[in-house]
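Novice: Got final28.cif for you, mmCIF, C-alpha atoms:
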```
data_entry
loop_
_atom_site.label_atom_id
_atom_site.label_comp_id
_atom_site.auth_asym_id
_atom_site.auth_seq_id
_atom_site.Cartn_x
_atom_site.Cartn_y
_atom_site.Cartn_z
CA MET A 1 99.72 121.16 118.88
CA ARG A 2 101.99 122.72 121.50
CA MET A 3 105.48 123.86 120.55
CA PHE A 4 108.44 124.01 122.91
CA VAL A 5 111.94 125.39 122.42
CA ALA A 6 114.51 124.77 125.15
CA GLY A 7 111.75 124.08 127.65
CA GLN A 8 109.74 127.21 126.85
CA GLU A 9 106.34 127.01 125.23
CA ALA A 10 106.00 129.06 122.07
CA HIS A 11 102.59 130.58 121.42
CA GLY A 12 102.52 130.78 117.65
CA ASP A 13 104.94 130.59 114.76
CA PHE A 14 106.43 134.02 115.39
CA GLU A 15 107.31 133.27 119.00
CA PHE A 16 108.65 129.86 117.99
CA ALA A 17 111.06 131.52 115.54
CA GLU A 18 112.17 134.02 118.20
CA LEU A 19 112.86 131.27 120.72
CA ALA A 20 114.53 128.97 118.20
CA LEU A 21 116.77 131.64 116.67
CA GLY A 22 117.34 133.70 119.79
CA ILE A 23 116.48 136.88 117.91
CA ASP A 24 114.07 139.49 119.30
CA VAL A 25 112.24 140.41 116.11
CA GLU A 26 110.83 143.69 117.46
CA LEU A 27 114.31 144.85 118.43
CA PHE A 28 115.54 144.63 114.84
CA ARG A 29 112.32 145.24 112.90
CA GLY A 30 110.63 147.68 115.26
CA PRO A 31 107.37 147.40 117.17
CA LEU A 32 103.94 147.34 115.55
CA GLU A 33 102.86 150.16 117.85
CA PHE A 34 104.03 153.77 117.93
CA GLU A 35 107.44 154.48 119.40
CA THR A 36 108.92 157.88 120.17
CA ASP A 37 112.05 159.12 118.44
CA GLY A 38 114.01 158.47 121.64
CA GLU A 39 112.68 154.93 121.96
CA ARG A 40 113.48 154.24 118.31
CA ALA A 41 117.01 155.64 118.67
CA ALA A 42 117.65 153.50 121.77
CA ARG A 43 116.23 150.37 120.09
CA GLU A 44 118.26 150.90 116.92
CA ASP A 45 121.42 151.55 118.95
CA ALA A 46 120.94 148.30 120.89
CA ALA A 47 120.19 146.42 117.66
CA ARG A 48 123.39 147.75 116.05
CA ASP A 49 125.45 146.62 119.06
CA ILE A 50 123.92 143.14 119.07
CA LEU A 51 124.32 142.81 115.30
CA ALA A 52 127.98 143.81 115.61
CA ASP A 53 128.45 141.15 118.31
CA LEU A 54 126.79 138.51 116.13
CA ARG A 55 129.01 139.41 113.19
CA ALA A 56 132.12 139.24 115.38
CA GLU A 57 131.08 135.80 116.67
CA ALA A 58 130.46 134.69 113.08
CA GLU A 59 133.91 135.86 112.00
CA ALA A 60 135.35 133.89 114.93
CA GLY A 61 133.80 130.74 113.49
CA ASP A 62 130.31 130.56 115.05
CA GLU A 63 128.13 129.51 112.12
CA VAL A 64 124.87 129.90 114.07
CA ALA A 65 125.78 133.48 114.97
CA GLY A 66 126.43 134.09 111.28
CA TRP A 67 122.96 132.93 110.32
CA ASP A 68 121.45 134.93 113.19
CA ALA A 69 123.33 138.01 111.97
CA LEU A 70 121.93 137.56 108.47
CA TYR A 71 118.38 137.19 109.81
CA ALA A 72 118.72 140.16 112.18
CA ASP A 73 120.19 142.32 109.42
CA ALA A 74 117.33 141.42 107.09
CA LEU A 75 114.85 142.42 109.79
CA THR A 76 116.43 145.87 110.02
CA HIS A 77 115.50 146.45 106.38
CA THR A 78 111.81 145.78 106.93
CA ILE A 79 109.02 147.76 108.53
CA PRO A 80 105.78 146.40 109.91
CA PHE A 81 102.98 146.71 107.38
CA LEU A 82 100.64 148.41 109.85
CA ARG A 83 103.22 151.09 110.61
CA SER A 84 103.86 151.74 106.90
CA VAL A 85 100.13 152.08 106.19
CA ARG A 86 99.74 154.50 109.09
CA ALA A 87 102.69 156.59 107.85
CA HIS A 88 101.31 156.60 104.30
CA ARG A 89 97.89 157.73 105.47
CA ALA A 90 99.41 160.43 107.64
CA GLY A 91 101.30 161.76 104.63
CA THR A 92 98.20 161.85 102.40
CA GLY A 93 95.84 163.32 104.94
CA GLU A 94 93.66 160.20 105.14
CA ALA A 95 92.33 159.11 108.52
CA ALA A 96 94.47 156.35 110.02
#
```
Translate the structure described by the file into structure tokens.
Specialist:
Amino acid sequence: MRMFVAGQEAHGDFEFAELALGIDVELFRGPLEFETDGERAAREDAARDILADLRAEAEAGDEVAGWDALYADALTHTIPFLRSVRAHRAGTGEAA
């Protein structure tokens, strides 16, 4: 079955959620691949700005922005499993 959101085809559940909610998951959660400290700092800075905008819109009465802010904030408190395993192995000396 093909899924479309606002005229764009979503390839999988994850992309469907991104299109439907308007939230770039990698921006708030972080990428599955390695990112440098500079890339991470820039991504987190952008995510903080967008989250602040969503919260301001929610306080102004935009209920959808409020739900988006909650989802985005929750994503900032997660890390991709693959990245956490890699970090754990690096700390214990195991091969990643």
Novice: In Å, with one decimal, what is the gap from CA of Leu70 (chain A) to CA of Arg48 (chain A)?
Specialist: 12.8 Å
Novice: Give as a list in words the residues that the PyMOL selection byres ((chain A and resi 50-60) around 10) matches when applied to the coordinates above.
Specialist: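 This file gives the following for the PyMOL selection byres ((chain A and resi 50-60) around 10): Ile23, Leu27, Phe28, Glu44, Asp45, Ala46, Ala47, Arg48, Asp49, Gly61, Asp62, Glu63, Val64, Ala65, Gly66, Trp67, Asp68, Ala69, Leu70, Tyr71, Ala72, Asp73 and Thr76 of chain A.
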Novice: On this structure, which residues satisfy the PyMOL selection byres ((chain A and resi 30) around 12), written as number ranges by chain?
Specialist: A: 24-29, 31-37, 39-44, 46-47, 72, 75-84
Novice: May I ask for the distance between CA of Ala74 (chain A) and CA of Arg2 (chain A), given in Å to one decimal place?
Specialist: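 One can read the CA of Ala74 (chain A) to CA of Arg2 (chain A) distance as 28.2 Å.
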Novice: With a distance cut-off of 12 Å and all atoms listed in the file, select the neighbouring residues of Ala20 (chain A), excluding the residue or stretch itself and same-chain residues fewer than 2 positions from it, and output the selection as a list in words.
Specialist: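 The filter keeps Met3, Phe4, Val5, Ala6, Gly7, Gln8, Glu9, Ala10, Asp13, Phe14, Glu15, Phe16, Ala17, Glu18, Gly22, Ile23, Asp24, Val25, Val64 and Asp68 of chain A.
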